[in-house]
>>> print(open('start26.cif').read())   # mmCIF, C-alpha atoms and all ligand atoms
data_upload
loop_
_atom_site.group_PDB
_atom_site.id
_atom_site.type_symbol
_atom_site.label_atom_id
_atom_site.label_comp_id
_atom_site.auth_asym_id
_atom_site.auth_seq_id
_atom_site.Cartn_x
_atom_site.Cartn_y
_atom_site.Cartn_z
ATOM 1 C CA MET A 1 39.407 109.478 136.211
ATOM 2 C CA ASN A 2 42.900 109.484 134.676
ATOM 3 C CA SER A 3 45.498 109.449 137.491
ATOM 4 C CA SER A 4 48.415 108.986 135.091
ATOM 5 C CA PRO A 5 50.609 112.038 134.498
ATOM 6 C CA ILE A 6 50.527 111.192 130.769
ATOM 7 C CA PRO A 7 47.762 113.348 129.275
ATOM 8 C CA THR A 8 45.034 111.192 127.713
ATOM 9 C CA HIS A 9 44.964 113.065 124.424
ATOM 10 C CA TYR A 10 48.528 114.391 124.346
ATOM 11 C CA GLN A 11 49.308 116.326 121.191
ATOM 12 C CA PRO A 12 53.030 116.887 120.751
ATOM 13 C CA SER A 13 54.229 119.948 118.895
ATOM 14 C CA ALA A 14 55.851 119.178 115.540
ATOM 15 C CA THR A 15 59.180 120.466 116.879
ATOM 16 C CA LEU A 16 58.949 118.793 120.307
ATOM 17 C CA LEU A 17 62.313 117.050 119.937
ATOM 18 C CA SER A 18 64.199 119.503 117.714
ATOM 19 C CA GLY A 19 67.884 119.609 118.549
ATOM 20 C CA ARG A 20 67.568 116.515 120.777
ATOM 21 C CA ASN A 21 69.648 113.374 120.430
ATOM 22 C CA ILE A 22 67.843 110.158 121.378
ATOM 23 C CA LEU A 23 69.165 106.606 121.555
ATOM 24 C CA VAL A 24 66.646 103.810 120.913
ATOM 25 C CA THR A 25 67.485 100.142 121.503
ATOM 26 C CA GLY A 26 65.755 97.520 119.393
ATOM 27 C CA ALA A 27 65.183 100.209 116.768
ATOM 28 C CA GLY A 28 64.946 97.779 113.854
ATOM 29 C CA ASP A 29 61.485 96.379 114.500
ATOM 30 C CA GLY A 30 58.275 96.625 116.493
ATOM 31 C CA ILE A 31 57.701 99.464 118.937
ATOM 32 C CA GLY A 32 61.360 100.585 118.843
ATOM 33 C CA LYS A 33 61.277 101.079 115.083
ATOM 34 C CA VAL A 34 58.130 103.175 115.228
ATOM 35 C CA ALA A 35 59.434 105.144 118.237
ATOM 36 C CA ALA A 36 62.656 105.967 116.370
ATOM 37 C CA GLN A 37 60.667 107.094 113.312
ATOM 38 C CA SER A 38 58.341 109.135 115.488
ATOM 39 C CA PHE A 39 61.151 110.835 117.458
ATOM 40 C CA ALA A 40 62.879 111.712 114.160
ATOM 41 C CA ALA A 41 59.599 113.070 112.748
ATOM 42 C CA HIS A 42 59.455 115.417 115.759
ATOM 43 C CA GLY A 43 62.953 116.728 115.115
ATOM 44 C CA ALA A 44 65.297 114.379 116.987
ATOM 45 C CA THR A 45 68.558 112.931 115.774
ATOM 46 C CA VAL A 46 68.073 109.267 116.622
ATOM 47 C CA ILE A 47 70.756 106.700 117.302
ATOM 48 C CA LEU A 48 69.431 103.393 116.016
ATOM 49 C CA LEU A 49 70.788 100.510 118.094
ATOM 50 C CA GLY A 50 69.819 96.934 117.267
ATOM 51 C CA ARG A 51 71.214 93.557 116.370
ATOM 52 C CA THR A 52 70.058 93.165 112.741
ATOM 53 C CA GLN A 53 71.900 95.586 110.481
ATOM 54 C CA GLU A 54 69.528 95.283 107.477
ATOM 55 C CA LYS A 55 66.532 96.206 109.626
ATOM 56 C CA LEU A 56 68.348 99.224 111.051
ATOM 57 C CA GLU A 57 69.379 100.293 107.534
ATOM 58 C CA ALA A 58 65.753 100.153 106.382
ATOM 59 C CA VAL A 59 64.704 102.388 109.306
ATOM 60 C CA TYR A 60 67.622 104.733 108.576
ATOM 61 C CA ASP A 61 66.675 104.980 104.873
ATOM 62 C CA GLY A 62 63.043 105.712 105.723
ATOM 63 C CA ILE A 63 63.971 108.534 108.103
ATOM 64 C CA VAL A 64 66.356 110.095 105.576
ATOM 65 C CA ALA A 65 63.801 109.753 102.743
ATOM 66 C CA ALA A 66 61.217 111.524 104.904
ATOM 67 C CA GLY A 67 63.588 114.482 105.279
ATOM 68 C CA HIS A 68 64.068 114.139 109.055
ATOM 69 C CA PRO A 69 67.431 114.642 110.797
ATOM 70 C CA VAL A 70 69.946 112.082 109.551
ATOM 71 C CA PRO A 71 70.123 109.269 112.128
ATOM 72 C CA ILE A 72 73.130 107.319 113.352
ATOM 73 C CA LEU A 73 73.325 103.549 112.883
ATOM 74 C CA TYR A 74 74.721 101.464 115.699
ATOM 75 C CA PRO A 75 74.443 97.705 115.179
ATOM 76 C CA LEU A 76 75.122 95.952 118.487
ATOM 77 C CA ASP A 77 73.950 92.674 119.982
ATOM 78 C CA LEU A 78 72.965 93.388 123.585
ATOM 79 C CA GLU A 79 73.450 89.732 124.450
ATOM 80 C CA LEU A 80 77.162 89.913 123.648
ATOM 81 C CA ALA A 81 78.073 93.540 124.331
ATOM 82 C CA GLU A 82 80.279 94.458 127.297
ATOM 83 C CA LEU A 83 80.799 97.737 129.143
ATOM 84 C CA ALA A 84 83.664 98.695 126.797
ATOM 85 C CA HIS A 85 81.311 98.569 123.769
ATOM 86 C CA TYR A 86 78.892 100.946 125.482
ATOM 87 C CA GLN A 87 81.717 103.250 126.499
ATOM 88 C CA LEU A 88 82.880 103.410 122.871
ATOM 89 C CA LEU A 89 79.353 104.404 121.857
ATOM 90 C CA ARG A 90 79.275 107.008 124.629
ATOM 91 C CA ASP A 91 82.586 108.476 123.447
ATOM 92 C CA SER A 92 81.375 108.751 119.854
ATOM 93 C CA ILE A 93 78.116 110.397 120.990
ATOM 94 C CA GLU A 94 80.169 112.894 122.999
ATOM 95 C CA THR A 95 82.461 113.641 120.052
ATOM 96 C CA GLU A 96 79.792 113.807 117.335
ATOM 97 C CA LEU A 97 76.765 115.161 119.212
ATOM 98 C CA GLY A 98 77.976 116.459 122.578
ATOM 99 C CA ALA A 99 74.977 115.365 124.623
ATOM 100 C CA LEU A 100 72.303 112.697 124.841
ATOM 101 C CA HIS A 101 68.798 113.951 125.631
ATOM 102 C CA GLY A 102 66.912 110.674 125.584
ATOM 103 C CA LEU A 103 67.492 106.964 126.079
ATOM 104 C CA LEU A 104 64.698 104.511 125.273
ATOM 105 C CA HIS A 105 65.442 101.026 126.594
ATOM 106 C CA ASN A 106 63.114 99.108 124.307
ATOM 107 C CA ALA A 107 64.903 95.937 123.108
ATOM 108 C CA SER A 108 63.874 92.782 124.945
ATOM 109 C CA LEU A 109 63.764 89.038 124.531
ATOM 110 C CA LEU A 110 60.550 87.160 125.261
ATOM 111 C CA GLY A 111 62.354 83.898 126.087
ATOM 112 C CA GLN A 112 60.551 80.732 127.051
ATOM 113 C CA ARG A 113 56.870 80.748 128.018
ATOM 114 C CA THR A 114 57.077 77.797 130.378
ATOM 115 C CA PRO A 115 56.691 76.876 134.062
ATOM 116 C CA ILE A 116 59.715 77.743 136.219
ATOM 117 C CA ALA A 117 60.030 73.980 136.872
ATOM 118 C CA ASP A 118 60.816 73.392 133.188
ATOM 119 C CA SER A 119 62.808 76.539 132.420
ATOM 120 C CA ASP A 120 66.141 76.188 130.690
ATOM 121 C CA PRO A 121 68.951 77.908 132.666
ATOM 122 C CA ALA A 122 70.789 79.067 129.525
ATOM 123 C CA GLN A 123 67.622 80.663 128.111
ATOM 124 C CA TRP A 124 67.000 82.298 131.481
ATOM 125 C CA GLN A 125 70.486 83.864 131.395
ATOM 126 C CA ARG A 126 69.991 85.191 127.848
ATOM 127 C CA VAL A 127 66.785 86.973 128.824
ATOM 128 C CA MET A 128 68.309 88.457 131.965
ATOM 129 C CA GLN A 129 71.378 89.575 129.995
ATOM 130 C CA VAL A 130 69.421 91.398 127.257
ATOM 131 C CA ASN A 131 66.507 92.669 129.357
ATOM 132 C CA VAL A 132 68.359 93.700 132.526
ATOM 133 C CA THR A 133 72.165 93.600 132.563
ATOM 134 C CA ALA A 134 72.589 95.216 129.145
ATOM 135 C CA GLN A 135 70.231 98.024 130.189
ATOM 136 C CA MET A 136 72.256 98.667 133.318
ATOM 137 C CA LEU A 137 75.574 98.673 131.401
ATOM 138 C CA LEU A 138 74.216 100.949 128.666
ATOM 139 C CA THR A 139 72.728 103.377 131.183
ATOM 140 C CA ARG A 140 75.918 103.378 133.258
ATOM 141 C CA ALA A 141 77.996 104.236 130.192
ATOM 142 C CA MET A 142 75.582 106.958 129.009
ATOM 143 C CA LEU A 143 75.257 108.880 132.291
ATOM 144 C CA PRO A 144 78.021 111.405 131.443
ATOM 145 C CA VAL A 145 76.467 112.327 128.070
ATOM 146 C CA LEU A 146 72.986 112.464 129.615
ATOM 147 C CA GLU A 147 74.458 114.905 132.141
ATOM 148 C CA ASN A 148 75.739 117.039 129.237
ATOM 149 C CA ALA A 149 72.099 117.718 128.281
ATOM 150 C CA ASP A 150 70.129 120.563 129.845
ATOM 151 C CA SER A 151 67.403 117.994 130.560
ATOM 152 C CA ALA A 152 67.328 114.328 129.677
ATOM 153 C CA SER A 153 64.876 111.426 129.873
ATOM 154 C CA VAL A 154 65.582 107.734 130.371
ATOM 155 C CA VAL A 155 62.625 105.442 129.669
ATOM 156 C CA PHE A 156 62.668 101.744 130.527
ATOM 157 C CA THR A 157 60.104 99.501 128.858
ATOM 158 C CA SER A 158 58.063 97.458 131.266
ATOM 159 C CA SER A 159 55.163 95.055 130.929
ATOM 160 C CA GLY A 160 52.027 94.052 132.822
ATOM 161 C CA VAL A 161 53.835 90.887 133.957
ATOM 162 C CA GLY A 162 56.640 93.053 135.369
ATOM 163 C CA ARG A 163 54.178 94.575 137.821
ATOM 164 C CA LYS A 164 52.138 91.498 138.699
ATOM 165 C CA GLY A 165 53.710 88.070 138.248
ATOM 166 C CA LYS A 166 51.828 85.613 136.059
ATOM 167 C CA ALA A 167 52.261 81.858 135.569
ATOM 168 C CA TYR A 168 54.484 80.699 132.691
ATOM 169 C CA TRP A 169 55.948 84.142 131.943
ATOM 170 C CA GLY A 170 59.267 82.974 133.456
ATOM 171 C CA ALA A 171 62.430 84.992 132.957
ATOM 172 C CA TYR A 172 60.631 87.681 130.932
ATOM 173 C CA ALA A 173 58.358 88.598 133.848
ATOM 174 C CA VAL A 174 61.220 88.460 136.343
ATOM 175 C CA SER A 175 63.389 90.606 134.061
ATOM 176 C CA LYS A 176 60.651 93.244 133.862
ATOM 177 C CA PHE A 177 60.372 93.337 137.675
ATOM 178 C CA ALA A 178 64.151 93.877 137.686
ATOM 179 C CA THR A 179 63.725 96.650 135.111
ATOM 180 C CA GLU A 180 61.310 98.394 137.469
ATOM 181 C CA GLY A 181 63.872 98.009 140.266
ATOM 182 C CA LEU A 182 66.659 99.438 138.127
ATOM 183 C CA MET A 183 64.419 102.356 137.184
ATOM 184 C CA GLN A 184 63.555 103.113 140.820
ATOM 185 C CA VAL A 185 67.130 102.886 142.108
ATOM 186 C CA LEU A 186 68.464 105.091 139.318
ATOM 187 C CA ALA A 187 65.632 107.607 139.611
ATOM 188 C CA ASP A 188 66.267 107.930 143.346
ATOM 189 C CA GLU A 189 70.016 108.359 142.813
ATOM 190 C CA LEU A 190 69.487 111.146 140.277
ATOM 191 C CA GLU A 191 66.467 112.825 141.913
ATOM 192 C CA ASN A 192 68.312 115.700 143.608
ATOM 193 C CA THR A 193 71.585 115.769 141.743
ATOM 194 C CA SER A 194 70.709 115.631 138.072
ATOM 195 C CA SER A 195 68.450 116.992 135.371
ATOM 196 C CA THR A 196 67.977 113.439 134.048
ATOM 197 C CA ARG A 197 64.594 111.895 134.813
ATOM 198 C CA VAL A 198 64.026 108.147 134.809
ATOM 199 C CA ASN A 199 60.696 106.330 134.397
ATOM 200 C CA SER A 200 59.272 103.055 133.121
ATOM 201 C CA LEU A 201 56.492 102.652 130.577
ATOM 202 C CA ASN A 202 54.268 99.641 129.963
ATOM 203 C CA PRO A 203 53.110 99.865 126.331
ATOM 204 C CA GLY A 204 50.324 97.301 126.858
ATOM 205 C CA GLY A 205 49.423 94.717 124.232
ATOM 206 C CA THR A 206 50.685 96.056 120.889
ATOM 207 C CA ARG A 207 50.677 94.626 117.362
ATOM 208 C CA THR A 208 54.290 93.369 117.013
ATOM 209 C CA ALA A 209 56.227 90.164 116.370
ATOM 210 C CA MET A 210 56.845 89.703 120.105
ATOM 211 C CA ARG A 211 53.154 89.909 120.892
ATOM 212 C CA ALA A 212 52.360 87.423 118.119
ATOM 213 C CA ALA A 213 54.960 85.023 119.542
ATOM 214 C CA ALA A 214 53.420 85.308 123.023
ATOM 215 C CA TYR A 215 49.814 84.987 121.821
ATOM 216 C CA PRO A 216 49.880 82.955 118.572
ATOM 217 C CA ALA A 217 46.105 82.438 118.502
ATOM 218 C CA GLU A 218 45.300 86.148 118.789
ATOM 219 C CA ASP A 219 44.152 88.153 115.776
ATOM 220 C CA PRO A 220 46.723 90.991 115.474
ATOM 221 C CA ALA A 221 44.069 93.225 113.910
ATOM 222 C CA THR A 222 42.400 93.462 117.348
ATOM 223 C CA LEU A 223 45.495 95.115 118.882
ATOM 224 C CA PRO A 224 46.604 98.755 118.909
ATOM 225 C CA THR A 225 49.419 99.510 116.473
ATOM 226 C CA ALA A 226 52.767 100.814 117.683
ATOM 227 C CA ALA A 227 52.000 104.112 115.929
ATOM 228 C CA SER A 228 48.861 104.575 118.018
ATOM 229 C CA ILE A 229 50.796 104.503 121.320
ATOM 230 C CA MET A 230 53.430 107.037 120.281
ATOM 231 C CA PRO A 231 51.910 110.043 122.089
ATOM 232 C CA ALA A 232 52.973 108.490 125.436
ATOM 233 C CA TYR A 233 56.522 107.890 124.177
ATOM 234 C CA LEU A 234 56.783 111.419 122.803
ATOM 235 C CA TYR A 235 55.430 112.875 126.023
ATOM 236 C CA LEU A 236 58.056 111.094 128.102
ATOM 237 C CA MET A 237 60.903 112.022 125.748
ATOM 238 C CA GLY A 238 60.031 115.695 125.442
ATOM 239 C CA ASP A 239 60.253 118.522 127.943
ATOM 240 C CA ASP A 240 56.496 118.382 128.647
ATOM 241 C CA SER A 241 57.289 115.529 131.071
ATOM 242 C CA LYS A 242 60.012 117.461 132.918
ATOM 243 C CA GLY A 243 59.779 116.801 136.656
ATOM 244 C CA ILE A 244 58.249 113.319 136.322
ATOM 245 C CA ASN A 245 60.756 110.925 137.884
ATOM 246 C CA GLY A 246 60.729 107.412 139.311
ATOM 247 C CA GLN A 247 57.259 106.530 138.068
ATOM 248 C CA ALA A 248 55.934 103.230 136.696
ATOM 249 C CA LEU A 249 53.686 104.466 133.883
ATOM 250 C CA SER A 250 51.358 102.791 131.403
ATOM 251 C CA VAL A 251 50.147 103.796 127.959
ATOM 252 C CA ARG A 252 46.626 102.697 128.876
HETATM 253 P P1 LIG B 301 59.812 93.012 119.031
HETATM 254 O O1 LIG B 301 58.831 93.209 117.942
HETATM 255 O O2 LIG B 301 60.294 91.631 119.331
HETATM 256 O O3 LIG B 301 61.071 93.955 118.802
HETATM 257 C C1 LIG B 301 62.132 93.910 119.707
HETATM 258 C C2 LIG B 301 63.344 94.571 119.117
HETATM 259 O O4 LIG B 301 64.447 94.354 120.023
HETATM 260 C C3 LIG B 301 63.755 93.960 117.780
HETATM 261 O O5 LIG B 301 64.130 94.989 116.898
HETATM 262 C C4 LIG B 301 64.934 93.083 118.150
HETATM 263 O O6 LIG B 301 65.906 92.930 117.146
HETATM 264 C C5 LIG B 301 65.548 93.861 119.290
HETATM 265 N N1 LIG B 301 66.423 93.000 120.073
HETATM 266 C C6 LIG B 301 66.103 91.815 120.635
HETATM 267 N N2 LIG B 301 67.202 91.257 121.173
HETATM 268 C C7 LIG B 301 68.230 92.116 120.942
HETATM 269 C C8 LIG B 301 69.610 92.079 121.227
HETATM 270 N N3 LIG B 301 70.187 91.021 121.831
HETATM 271 N N4 LIG B 301 70.384 93.115 120.860
HETATM 272 C C9 LIG B 301 69.831 94.174 120.214
HETATM 273 N N5 LIG B 301 68.529 94.260 119.894
HETATM 274 C C10 LIG B 301 67.733 93.225 120.255
HETATM 275 O O7 LIG B 301 59.226 93.539 120.428
HETATM 276 P P2 LIG B 301 58.121 94.676 120.722
HETATM 277 O O8 LIG B 301 56.824 94.014 120.876
HETATM 278 O O9 LIG B 301 58.315 95.815 119.795
HETATM 279 O O10 LIG B 301 58.575 95.084 122.205
HETATM 280 C C11 LIG B 301 59.281 96.270 122.497
HETATM 281 C C12 LIG B 301 59.314 96.416 123.997
HETATM 282 O O11 LIG B 301 57.978 96.519 124.513
HETATM 283 C C13 LIG B 301 59.934 95.243 124.729
HETATM 284 O O12 LIG B 301 60.681 95.715 125.831
HETATM 285 C C14 LIG B 301 58.755 94.439 125.216
HETATM 286 O O13 LIG B 301 59.071 93.667 126.341
HETATM 287 C C15 LIG B 301 57.783 95.550 125.529
HETATM 288 N N6 LIG B 301 56.377 95.144 125.534
HETATM 289 C C16 LIG B 301 55.750 94.804 124.386
HETATM 290 C C17 LIG B 301 54.409 94.455 124.398
HETATM 291 C C18 LIG B 301 53.654 94.082 123.136
HETATM 292 O O14 LIG B 301 52.473 93.726 123.230
HETATM 293 N N7 LIG B 301 54.273 94.160 121.972
HETATM 294 C C19 LIG B 301 53.690 94.452 125.613
HETATM 295 C C20 LIG B 301 54.361 94.805 126.790
HETATM 296 C C21 LIG B 301 55.699 95.156 126.732
HETATM 297 P P3 LIG B 301 65.617 92.041 115.817
HETATM 298 O O15 LIG B 301 64.754 92.925 114.977
HETATM 299 O O16 LIG B 301 66.950 91.825 115.267
HETATM 300 O O17 LIG B 301 64.917 90.805 116.283
#
>>> encode(input="start26.cif", output="structure tokens")
Amino acid sequence: MNSSPIPTHYQPSATLLSGRNILVTGAGDGIGKVAAQSFAAHGATVILLGRTQEKLEAVYDGIVAAGHPVPILYPLDLELAELAHYQLLRDSIETELGALHGLLHNASLLGQRTPIADSDPAQWQRVMQVNVTAQMLLTRAMLPVLENADSASVVFTSSGVGRKGKAYWGAYAVSKFATEGLMQVLADELENTSSTRVNSLNPGGTRTAMRAAAYPAEDPATLPTAASIMPAYLYLMGDDSKGINGQALSVR
């Protein structure tokens, strides 16, 4: 029995995200890249945030060449960015687009796979900065433009090790538990006062560079592609998931 609110064989309409503006972090590679392409293919204007400009430009060019709404490029390193950087982005979204309908927190660092006893404090801080603090600062800055939308969706990206701790997953696992906490607190704050819904999604093992770094001996061909998990992302970004709030969801 499927107890998840995400329909097992969800089929999004081609215009699911028409007229919607969606910000994707880590949009230059992996799941974030494919999510940005997929949102654009369903009509959204996507804001491509990431740290490697050439990768973002390649995603931008592909979306334009496919004839989808022209995206917006926003190179930013989440490790270095401060609240003022996010507020600048918020102000330009307000001026150029008016409202933000979706925010996909996707960028993350894997960090060290090592026992806590051996973990490097500086590496720990980097992971917590990118995976947790940056997500809080970005969300905080975006709340006013999310409120400008008739309905909006914030999706945090979780992981299996963010729901059950596992040896040697270190700061990454702890950061994903914190992501779940941030999601729950925010969802509860907005529950009765806002048309913004907030959930977390665990993509499960997916064929990307991060997965290959975590499991170097694994054959990537045995893993689902990012494209194959897009129905869940589209469902959560579109109005079909209206009313779902504060839930820790999984693709599988
Ligand atoms: P990925 O292939 O490593 O891609 C991550 C993206 O985030 C990259 O585009 C990367 O930029 C960007 N990024 C990293 N640090 C950044 C920073 N400081 N500032 C801005 N952007 C930054 O990872 P993925 O596998 O697609 O993972 C996407 C999400 O799914 C993550 O939250 C991950 O924890 C989660 N997840 C993945 C799996 C899996 O099996 N793949 C399983 C569970 C959860 P660059 O391109 O410049 O490196």
>>> resolve_selection(input="start26.cif", expression="the PyMOL selection byres (((not hetatm)) within 6 of (chain B and resi 301))", output="VMD selection string")
chain A and resid 26 to 32 50 to 52 76 to 79 106 to 109 130 157 to 159 202 to 211
>>> closest_residue(input="start26.cif", among="A:Met136, A:Arg20, A:Tyr215, A:Gly243", to="A:Asn148", atoms="all atoms listed in the file")
A:Arg20
>>> closest_residue(input="start26.cif", among="A:Pro75, A:Pro7, A:Gly102, A:Gly181", to="A:Asp150", atoms="only C-alpha atoms")
A:Gly102
>>> residues_around(input="start26.cif", residues="A:His9", least_positions_apart="6", cutoff="12 Å", atoms="only C-alpha atoms", output="ChimeraX atom specification")
/A:2,228-232,235,251-252
>>> residues_around(input="start26.cif", residues="A:Pro121", least_positions_apart="6", cutoff="12 Å", atoms="all atoms listed in the file", output="MDAnalysis selection string")
chainID A and resid 111:112 127:128 170:171
>>> resolve_selection(input="start26.cif", expression="the PyMOL selection byres (((chain A and resi 84-87) around 8) and not hetatm)", output="PyMOL selection string")
chain A and resi 81-83+88-91+137-138+141-142
>>> atom_distance(input="start26.cif", atom1="atom CA of A:Lys176", atom2="atom CA of A:Arg163")
7.7 Å
>>> resolve_selection(input="start26.cif", expression="the PyMOL selection byres (((chain A and resi 239) around 9) and not hetatm)", output="ChimeraX atom specification")
/A:16-17,151-153,235-238,240-243
>>> residues_around(input="start26.cif", residues="A:Thr15", least_positions_apart="6", cutoff="10 Å", atoms="only C-alpha atoms", output="list in words")
Phe39, Ala40, Ala41, His42, Gly43, Ala44 and Gly238 of chain A
>>> closest_residue(input="start26.cif", among="A:Ala173, A:Ala134, A:Pro5, A:Val185", to="A:Arg113", atoms="only C-alpha atoms")
A:Ala173
>>> atom_distance(input="start26.cif", atom1="atom CA of A:Leu223", atom2="atom CA of A:Val46")
26.7 Å
>>> atom_distance(input="start26.cif", atom1="atom CA of A:Asp61", atom2="atom CA of A:Ile22")
17.3 Å
>>> closest_residue(input="start26.cif", among="A:Leu190, A:Pro12, A:Glu96, A:Gln37", to="A:Ala65", atoms="only C-alpha atoms")
A:Gln37
>>> closest_residue(input="start26.cif", among="A:Leu56, A:Ala14, A:Ala149, A:Leu49", to="A:His101", atoms="all atoms listed in the file")
A:Ala149
